[in-house]
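Data block for data.cif (mmCIF, C-alpha atoms):
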data_query
loop_
_atom_site.label_atom_id
_atom_site.label_comp_id
_atom_site.auth_asym_id
_atom_site.auth_seq_id
_atom_site.Cartn_x
_atom_site.Cartn_y
_atom_site.Cartn_z
CA MET A 1 11.88 39.59 -34.59
CA PHE A 2 15.38 39.87 -36.06
CA THR A 3 14.50 43.16 -37.77
CA ASP A 4 13.05 44.53 -34.53
CA ALA A 5 16.26 43.58 -32.73
CA LEU A 6 18.35 45.46 -35.30
CA LEU A 7 16.11 48.53 -35.03
CA PHE A 8 16.38 48.35 -31.24
CA LEU A 9 20.20 48.31 -31.42
CA GLY A 10 20.14 51.15 -33.97
CA GLY A 11 17.98 53.19 -31.61
CA LEU A 12 20.41 52.60 -28.75
CA THR A 13 23.28 53.79 -30.96
CA LEU A 14 21.44 56.99 -31.79
CA LEU A 15 20.71 57.51 -28.08
CA LEU A 16 24.39 57.20 -27.21
CA LEU A 17 25.46 59.66 -29.91
CA GLY A 18 22.62 62.06 -29.16
CA GLY A 19 23.22 62.03 -25.41
CA ASP A 20 26.88 62.91 -25.85
CA ALA A 21 26.09 65.73 -28.29
CA LEU A 22 23.33 67.10 -26.03
CA VAL A 23 25.50 67.21 -22.91
CA ARG A 24 28.39 68.84 -24.77
CA GLY A 25 26.15 71.43 -26.39
CA ALA A 26 24.16 72.22 -23.22
CA SER A 27 27.28 72.63 -21.09
CA ALA A 28 28.93 74.87 -23.70
CA LEU A 29 25.76 76.95 -24.10
CA ALA A 30 25.45 77.35 -20.32
CA GLU A 31 28.99 78.73 -20.20
CA ARG A 32 28.46 81.01 -23.19
CA LEU A 33 25.24 82.45 -21.71
CA ARG A 34 26.61 82.51 -18.15
CA VAL A 35 23.77 80.28 -16.98
CA SER A 36 24.20 77.33 -14.62
CA ALA A 37 24.16 73.79 -15.91
CA ALA A 38 21.37 73.12 -13.38
CA THR A 39 19.09 75.66 -15.07
CA ILE A 40 19.83 74.21 -18.50
CA GLY A 41 19.15 70.71 -17.17
CA LEU A 42 15.79 71.72 -15.70
CA SER A 43 14.66 73.37 -18.90
CA VAL A 44 16.20 72.63 -22.31
CA VAL A 45 17.59 69.15 -21.59
CA ALA A 46 14.69 67.99 -19.42
CA PHE A 47 12.07 69.05 -21.96
CA GLY A 48 14.02 67.66 -24.89
CA THR A 49 14.52 64.25 -23.30
CA SER A 50 10.81 64.17 -22.34
CA LEU A 51 9.65 64.55 -25.95
CA PRO A 52 9.48 60.75 -26.54
CA GLU A 53 7.13 60.42 -23.54
CA LEU A 54 5.04 63.29 -24.91
CA VAL A 55 4.68 61.71 -28.37
CA VAL A 56 3.89 58.24 -27.01
CA SER A 57 1.40 59.44 -24.37
CA LEU A 58 -0.51 61.76 -26.69
CA ARG A 59 -0.67 59.11 -29.39
CA ALA A 60 -1.89 56.54 -26.87
CA ALA A 61 -4.48 58.93 -25.41
CA ALA A 62 -5.78 59.81 -28.88
CA SER A 63 -6.18 56.08 -29.53
CA ALA A 64 -8.10 55.68 -26.25
CA ASP A 65 -5.33 53.43 -24.91
CA ALA A 66 -5.23 54.78 -21.36
CA GLY A 67 -3.06 51.94 -20.08
CA ILE A 68 -0.15 52.82 -22.36
CA ALA A 69 -0.48 56.58 -21.76
CA PHE A 70 -0.75 56.24 -17.97
CA GLY A 71 1.86 53.50 -17.66
CA ASN A 72 4.29 55.36 -19.91
CA VAL A 73 4.39 58.47 -17.71
CA VAL A 74 4.32 56.75 -14.32
CA GLY A 75 6.69 54.02 -15.48
CA SER A 76 9.08 56.59 -16.95
CA ASN A 77 9.20 58.49 -13.66
CA VAL A 78 9.88 55.28 -11.74
CA ALA A 79 12.60 54.33 -14.25
CA ASN A 80 14.10 57.83 -14.16
CA ILE A 81 14.78 57.61 -10.43
CA GLY A 82 15.31 53.91 -9.83
CA LEU A 83 17.08 52.94 -13.03
CA ILE A 84 18.66 56.15 -14.32
CA VAL A 85 19.80 57.83 -11.09
CA GLY A 86 20.87 54.41 -9.85
CA ILE A 87 23.07 53.72 -12.88
CA ALA A 88 24.37 57.30 -13.01
CA ALA A 89 25.38 57.13 -9.33
CA LEU A 90 27.10 53.80 -9.94
CA THR A 91 29.00 55.45 -12.79
CA ALA A 92 30.10 58.34 -10.56
CA PRO A 93 28.71 59.69 -7.24
CA ILE A 94 26.21 62.48 -7.91
CA GLN A 95 26.57 65.81 -6.09
CA ALA A 96 23.18 67.40 -5.37
CA HIS A 97 22.98 71.19 -5.77
CA SER A 98 21.55 72.96 -2.72
CA ARG A 99 18.73 74.47 -4.78
CA LEU A 100 17.61 71.00 -5.81
CA LEU A 101 17.26 69.98 -2.17
CA THR A 102 15.28 73.06 -1.14
CA HIS A 103 13.19 73.69 -4.25
CA GLU A 104 13.05 71.27 -7.20
CA ILE A 105 13.14 67.87 -5.44
CA PRO A 106 10.55 68.93 -2.80
CA MET A 107 8.47 70.24 -5.70
CA LEU A 108 8.74 66.84 -7.39
CA VAL A 109 7.58 65.09 -4.20
CA LEU A 110 4.61 67.47 -3.92
CA VAL A 111 3.65 67.10 -7.59
CA SER A 112 3.94 63.30 -7.33
CA ALA A 113 1.59 63.36 -4.34
CA VAL A 114 -0.91 65.57 -6.20
CA ALA A 115 -0.82 63.30 -9.27
CA ALA A 116 -1.28 60.24 -7.05
CA ALA A 117 -4.29 61.82 -5.33
CA LEU A 118 -5.89 62.73 -8.66
CA ALA A 119 -5.24 59.29 -10.17
CA LEU A 120 -6.57 57.38 -7.15
CA ASP A 121 -9.57 59.55 -6.27
CA GLY A 122 -11.90 56.63 -6.95
CA VAL A 123 -10.43 54.80 -3.95
CA PHE A 124 -12.22 57.25 -1.67
CA ASP A 125 -15.50 57.21 -3.62
CA ALA A 126 -17.04 53.83 -4.36
CA GLU A 127 -19.30 55.36 -7.03
CA SER A 128 -16.51 56.74 -9.19
CA VAL A 129 -13.69 55.18 -11.19
CA SER A 130 -10.09 56.09 -10.37
CA GLY A 131 -8.42 58.07 -13.10
CA LEU A 132 -7.60 61.48 -14.51
CA SER A 133 -10.46 63.52 -15.94
CA ARG A 134 -10.07 66.45 -18.32
CA GLY A 135 -10.48 68.73 -15.30
CA ASP A 136 -7.57 66.96 -13.61
CA GLY A 137 -5.54 67.45 -16.77
CA VAL A 138 -6.25 71.19 -16.68
CA VAL A 139 -5.12 71.32 -13.04
CA LEU A 140 -1.83 69.62 -13.94
CA LEU A 141 -1.26 71.99 -16.88
CA LEU A 142 -1.90 75.02 -14.64
CA LEU A 143 0.64 73.68 -12.16
CA PHE A 144 3.03 73.25 -15.08
CA ALA A 145 2.63 76.95 -15.91
CA VAL A 146 3.44 77.78 -12.27
CA PHE A 147 6.55 75.58 -12.47
CA LEU A 148 7.74 77.32 -15.65
CA ARG A 149 7.22 80.74 -14.08
CA HIS A 150 9.18 79.63 -11.02
CA LEU A 151 12.00 78.37 -13.23
CA ILE A 152 12.25 81.61 -15.23
CA VAL A 153 11.94 83.98 -12.26
CA ASP A 154 14.31 81.93 -10.11
CA SER A 155 16.91 81.80 -12.89
CA ARG A 156 16.84 85.60 -13.24
CA ARG A 157 17.00 86.12 -9.48
CA ARG A 158 20.05 83.90 -9.15
CA ALA A 159 21.93 85.49 -12.03
CA GLY A 160 24.16 87.40 -9.61
CA ASP A 161 25.11 84.52 -7.29
CA ASP A 162 25.14 81.59 -9.67
CA PRO A 163 27.98 79.13 -8.86
CA LEU A 164 29.17 79.18 -12.45
CA LEU A 165 29.31 82.97 -12.46
CA GLU A 166 31.31 82.93 -9.24
CA GLU A 167 33.77 80.57 -10.88
CA LEU A 168 34.11 82.94 -13.84
CA SER A 169 34.18 86.12 -11.74
CA GLY A 170 37.94 86.42 -11.95
CA ALA A 171 37.95 86.32 -15.72
CA PRO A 172 36.77 89.01 -18.15
CA PRO A 173 33.29 88.50 -19.61
CA PRO A 174 33.37 86.27 -22.68
CA ARG A 175 33.22 88.10 -25.97
CA PRO A 176 29.98 87.51 -27.85
CA SER A 177 30.35 85.02 -30.62
CA GLY A 178 27.31 84.35 -32.72
CA VAL A 179 29.12 81.57 -34.57
CA ARG A 180 30.01 79.69 -31.38
CA THR A 181 26.53 80.16 -29.92
CA ARG A 182 24.94 78.91 -33.12
CA ARG A 183 27.29 75.93 -33.02
CA CYS A 184 26.14 75.09 -29.47
CA VAL A 185 22.49 75.42 -30.50
CA LEU A 186 23.03 73.22 -33.56
CA GLN A 187 24.79 70.64 -31.40
CA ILE A 188 21.87 70.61 -28.94
CA GLY A 189 19.40 70.36 -31.83
CA ALA A 190 21.30 67.47 -33.41
CA GLY A 191 21.51 65.71 -30.06
CA LEU A 192 17.79 66.12 -29.42
CA ALA A 193 16.93 64.91 -32.92
CA ALA A 194 19.07 61.79 -32.44
CA LEU A 195 17.54 61.18 -29.01
CA ILE A 196 13.97 61.52 -30.29
CA LEU A 197 14.59 59.29 -33.30
CA GLY A 198 16.53 56.76 -31.25
CA GLY A 199 13.91 56.77 -28.51
CA GLY A 200 11.18 56.13 -31.07
CA LEU A 201 13.08 53.18 -32.51
CA VAL A 202 13.73 51.74 -29.06
CA VAL A 203 10.07 52.09 -28.06
CA ASP A 204 8.54 50.65 -31.25
CA ALA A 205 11.05 47.85 -31.70
CA GLY A 206 11.17 47.09 -27.98
CA ALA A 207 7.39 46.86 -27.72
CA ALA A 208 7.27 44.60 -30.76
CA LEU A 209 9.89 42.34 -29.22
CA ALA A 210 7.97 42.26 -25.94
CA ARG A 211 4.73 41.26 -27.65
CA ALA A 212 6.54 38.62 -29.66
CA LEU A 213 7.76 37.17 -26.38
CA GLY A 214 4.20 37.09 -24.98
CA VAL A 215 4.40 39.95 -22.46
CA SER A 216 1.07 41.58 -21.54
CA GLU A 217 0.11 45.07 -22.74
CA SER A 218 -0.04 46.53 -19.22
CA VAL A 219 3.50 45.38 -18.49
CA VAL A 220 4.67 46.69 -21.87
CA GLY A 221 3.38 50.16 -20.99
CA PHE A 222 5.07 50.30 -17.59
CA THR A 223 8.33 48.58 -18.54
CA MET A 224 9.36 48.39 -22.19
CA VAL A 225 7.65 51.59 -23.37
CA ALA A 226 8.52 53.48 -20.18
CA VAL A 227 12.17 52.42 -20.23
CA GLY A 228 12.36 53.11 -23.95
CA THR A 229 11.07 56.66 -23.58
CA SER A 230 13.37 57.13 -20.56
CA ALA A 231 16.40 55.99 -22.53
CA PRO A 232 17.32 59.60 -23.52
CA GLU A 233 17.42 60.58 -19.83
CA LEU A 234 19.50 57.48 -19.08
CA VAL A 235 22.11 58.21 -21.72
CA THR A 236 22.19 61.94 -20.98
CA SER A 237 22.53 61.43 -17.21
CA VAL A 238 25.24 58.75 -17.46
CA VAL A 239 27.25 60.80 -19.96
CA ALA A 240 26.86 63.88 -17.75
CA ALA A 241 27.99 61.95 -14.66
CA ARG A 242 31.05 60.61 -16.50
CA ARG A 243 31.96 64.12 -17.58
CA GLY A 244 31.66 65.48 -14.05
CA GLN A 245 28.39 67.36 -14.74
CA SER A 246 26.64 65.81 -11.73
CA ASP A 247 24.18 68.73 -11.45
CA LEU A 248 23.12 68.18 -15.04
CA ALA A 249 22.69 64.45 -14.47
CA LEU A 250 20.36 64.89 -11.48
CA THR A 251 18.48 67.96 -12.68
CA THR A 252 17.75 66.26 -16.00
CA VAL A 253 15.91 63.50 -14.13
CA VAL A 254 14.11 65.85 -11.73
CA GLY A 255 13.12 68.22 -14.52
CA SER A 256 12.01 65.37 -16.77
CA ASN A 257 9.81 63.89 -14.03
CA LEU A 258 8.16 67.27 -13.43
CA PHE A 259 7.55 67.69 -17.17
CA ASN A 260 6.15 64.15 -17.37
CA LEU A 261 3.64 64.59 -14.55
CA LEU A 262 2.54 68.17 -15.15
CA PHE A 263 2.71 68.68 -18.91
CA ILE A 264 2.59 65.23 -20.52
CA LEU A 265 0.12 63.55 -18.16
CA GLY A 266 -1.95 66.74 -18.07
CA ALA A 267 -2.02 67.05 -21.87
CA ALA A 268 -2.86 63.36 -22.31
CA ALA A 269 -5.77 63.64 -19.84
CA CYS A 270 -7.08 66.68 -21.71
CA VAL A 271 -7.01 64.74 -24.99
CA ASP A 272 -8.95 61.84 -23.45
CA PRO A 273 -9.70 61.02 -19.76
CA LEU A 274 -7.31 58.37 -18.43
CA ALA A 275 -8.67 55.60 -16.25
CA THR A 276 -6.12 54.24 -13.79
CA PRO A 277 -5.29 50.72 -15.03
CA GLU A 278 -5.18 47.60 -12.89
CA LEU A 279 -2.22 47.74 -10.47
CA GLY A 280 -1.90 51.43 -11.35
CA GLY A 281 -2.21 52.25 -7.66
CA ALA A 282 0.91 50.22 -6.90
CA ASP A 283 2.76 51.97 -9.74
CA VAL A 284 1.81 55.40 -8.44
CA ALA A 285 2.79 54.44 -4.89
CA MET A 286 6.20 53.29 -6.15
CA MET A 287 6.65 56.57 -8.04
CA LEU A 288 5.87 58.63 -4.95
CA GLY A 289 8.01 56.42 -2.71
CA LEU A 290 11.04 56.70 -4.98
CA SER A 291 10.64 60.50 -5.16
CA VAL A 292 10.72 60.70 -1.35
CA LEU A 293 13.67 58.26 -1.22
CA LEU A 294 15.59 60.38 -3.75
CA TRP A 295 15.08 63.43 -1.55
CA VAL A 296 16.32 61.55 1.52
CA LEU A 297 19.38 60.09 -0.21
CA ALA A 298 20.35 63.43 -1.76
CA THR A 299 20.48 65.09 1.68
CA THR A 300 22.90 62.54 3.18
CA HIS A 301 26.65 62.00 2.73
CA ARG A 302 27.36 65.71 2.20
CA ARG A 303 24.54 66.01 -0.34
CA ARG A 304 25.90 63.20 -2.50
CA ILE A 305 24.19 60.15 -3.91
CA THR A 306 26.87 57.52 -3.43
CA ARG A 307 27.46 54.34 -5.40
CA ILE A 308 25.91 52.26 -2.60
CA GLU A 309 22.79 54.45 -2.66
CA GLY A 310 22.72 54.17 -6.44
CA ALA A 311 22.82 50.40 -6.10
CA THR A 312 19.92 50.62 -3.62
CA LEU A 313 17.81 52.62 -6.10
CA LEU A 314 18.63 50.24 -8.93
CA ALA A 315 17.86 47.14 -6.83
CA SER A 316 14.53 48.65 -5.75
CA TYR A 317 13.58 49.33 -9.36
CA LEU A 318 14.56 45.87 -10.59
CA ALA A 319 12.69 44.18 -7.73
CA PHE A 320 9.52 46.16 -8.48
CA VAL A 321 9.72 45.43 -12.21
CA ALA A 322 10.17 41.73 -11.45
CA TRP A 323 7.04 41.87 -9.26
CA ARG A 324 5.10 43.69 -12.02
CA PHE A 325 6.01 41.01 -14.54
CA GLY A 326 4.84 38.35 -12.12
CA ALA A 327 1.63 40.19 -11.22
CA GLY A 328 0.82 40.96 -14.85
#
Whole structure, structure tokens version:
Amino acid sequence: MFTDALLFLGGLTLLLLGGDALVRGASALAERLRVSAATIGLSVVAFGTSLPELVVSLRAAASADAGIAFGNVVGSNVANIGLIVGIAALTAPIQAHSRLLTHEIPMLVLVSAVAAALALDGVFDAESVSGLSRGDGVVLLLLFAVFLRHLIVDSRRRAGDDPLLEELSGAPPPRPSGVRTRRCVLQIGAGLAALILGGGLVVDAGAALARALGVSESVVGFTMVAVGTSAPELVTSVVAARRGQSDLALTTVVGSNLFNLLFILGAAACVDPLATPELGGADVAMMLGLSVLLWVLATTHRRRITRIEGATLLASYLAFVAWRFGAG
């Protein structure tokens, strides 16, 4: 147990260093390429921080461990909103970009509802078992392709009225610098590598610690593994909030949740059908409820998620996790 504790702390250290490097590199690259931090957050950062969930879920699905694969994705999405946005908002109030409120967050609510319907289809048919079939996985992957197309097309369409470009409109265009661009890319790559390695250490060591303490496998999937794989988003979002990159903090979470549901859950279901585990319905309902709550909170107080609202999200998450531990 002592060795697992050391590995867990080492993983957290790598997450802290990787999160700082990733935010610095992504922000610098956005400025160099004249692309908004929101676009970078929804694409490069969101995908990179979702890689631990991808590795864990695919490995679990290949091992026919549906509980870990399902709980990892749903639990990560719950942790991303309740734990990560909550802590980030407590660190510094988060300003929601208007595009998030009209496009990406509503898209997250819709995708969460679709995933919930697919995962709980057995509730409406007594002869079938609730879960995600390979056909459901294909549906999610097709929706992921639609999301990527929307992201690319929308980014090109907004190139002329991007807030960052407006801010730079009074200055001459930056001179191309291959060295500086390569430096940004290397910084992002180093940050992602540290996040992936640190996330893996946190997940493996954290799960071992949980089992040593006698925690059930279903709870491990939804809590320890989910929080471990969400640790990159946590570090990245908190660092971004502290540095005033509130758009990056929120879009990283929204983008990561979309990647988790559409790509990771879809790919895992294609590898092996995922039966919804016991209490999985409550987990899915919490995920959908928090997505709707995030949308509501982001539209109030001049499109800011305040510290009080962050505390509300965090308290909701902790209360639900406490209930899950008690319910097993």
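Using the PyMOL selection byres ((chain A and resi 18-25) around 8) on this structure selects Leu14, Leu15, Leu16, Leu17, Ala26, Ser27, Ala28, Leu29, Val45, Cys184, Val185, Gln187, Ile188, Gly189, Ala190, Gly191, Leu192, Ala193, Ala194, Leu195, Pro232, Val235, Thr236, Val239 and Ala240 of chain A.
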Atom pair atom CA of Ser230 of chain A / atom CA of Ala61 of chain A: separation (Å): 18.6 Å
For atom CA of Ala241 of chain A and atom CA of Ala298 of chain A, the interatomic separation in Å (one decimal): 15.1 Å
Distance criterion (only C-alpha atoms): nearest to Gly280 of chain A out of A:Arg324, A:Arg134, A:Arg302, A:Arg242: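 Closest to Gly280 of chain A, using only C-alpha atoms: A:Arg324.
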Chain and number of each residue from the PyMOL selection byres ((chain A and resi 80) around 12), as a ChimeraX atom specification: /A:46,49-50,53,72-79,81-88,223,226-238,249-258,260,287,290-291,294,313-314,317
Interatomic distance, atom CA of Gly10 of chain A to atom CA of Phe259 of chain A (Å, one decimal):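 Taking atom CA of Gly10 of chain A and atom CA of Phe259 of chain A, their separation equals 26.7 Å.
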Result set of the PyMOL selection byres ((chain A and resi 200) around 8) on the coordinates above, as JSON, numbers by chain: {"A": [11, 52, 196, 197, 198, 199, 201, 202, 203, 204, 228, 229]}
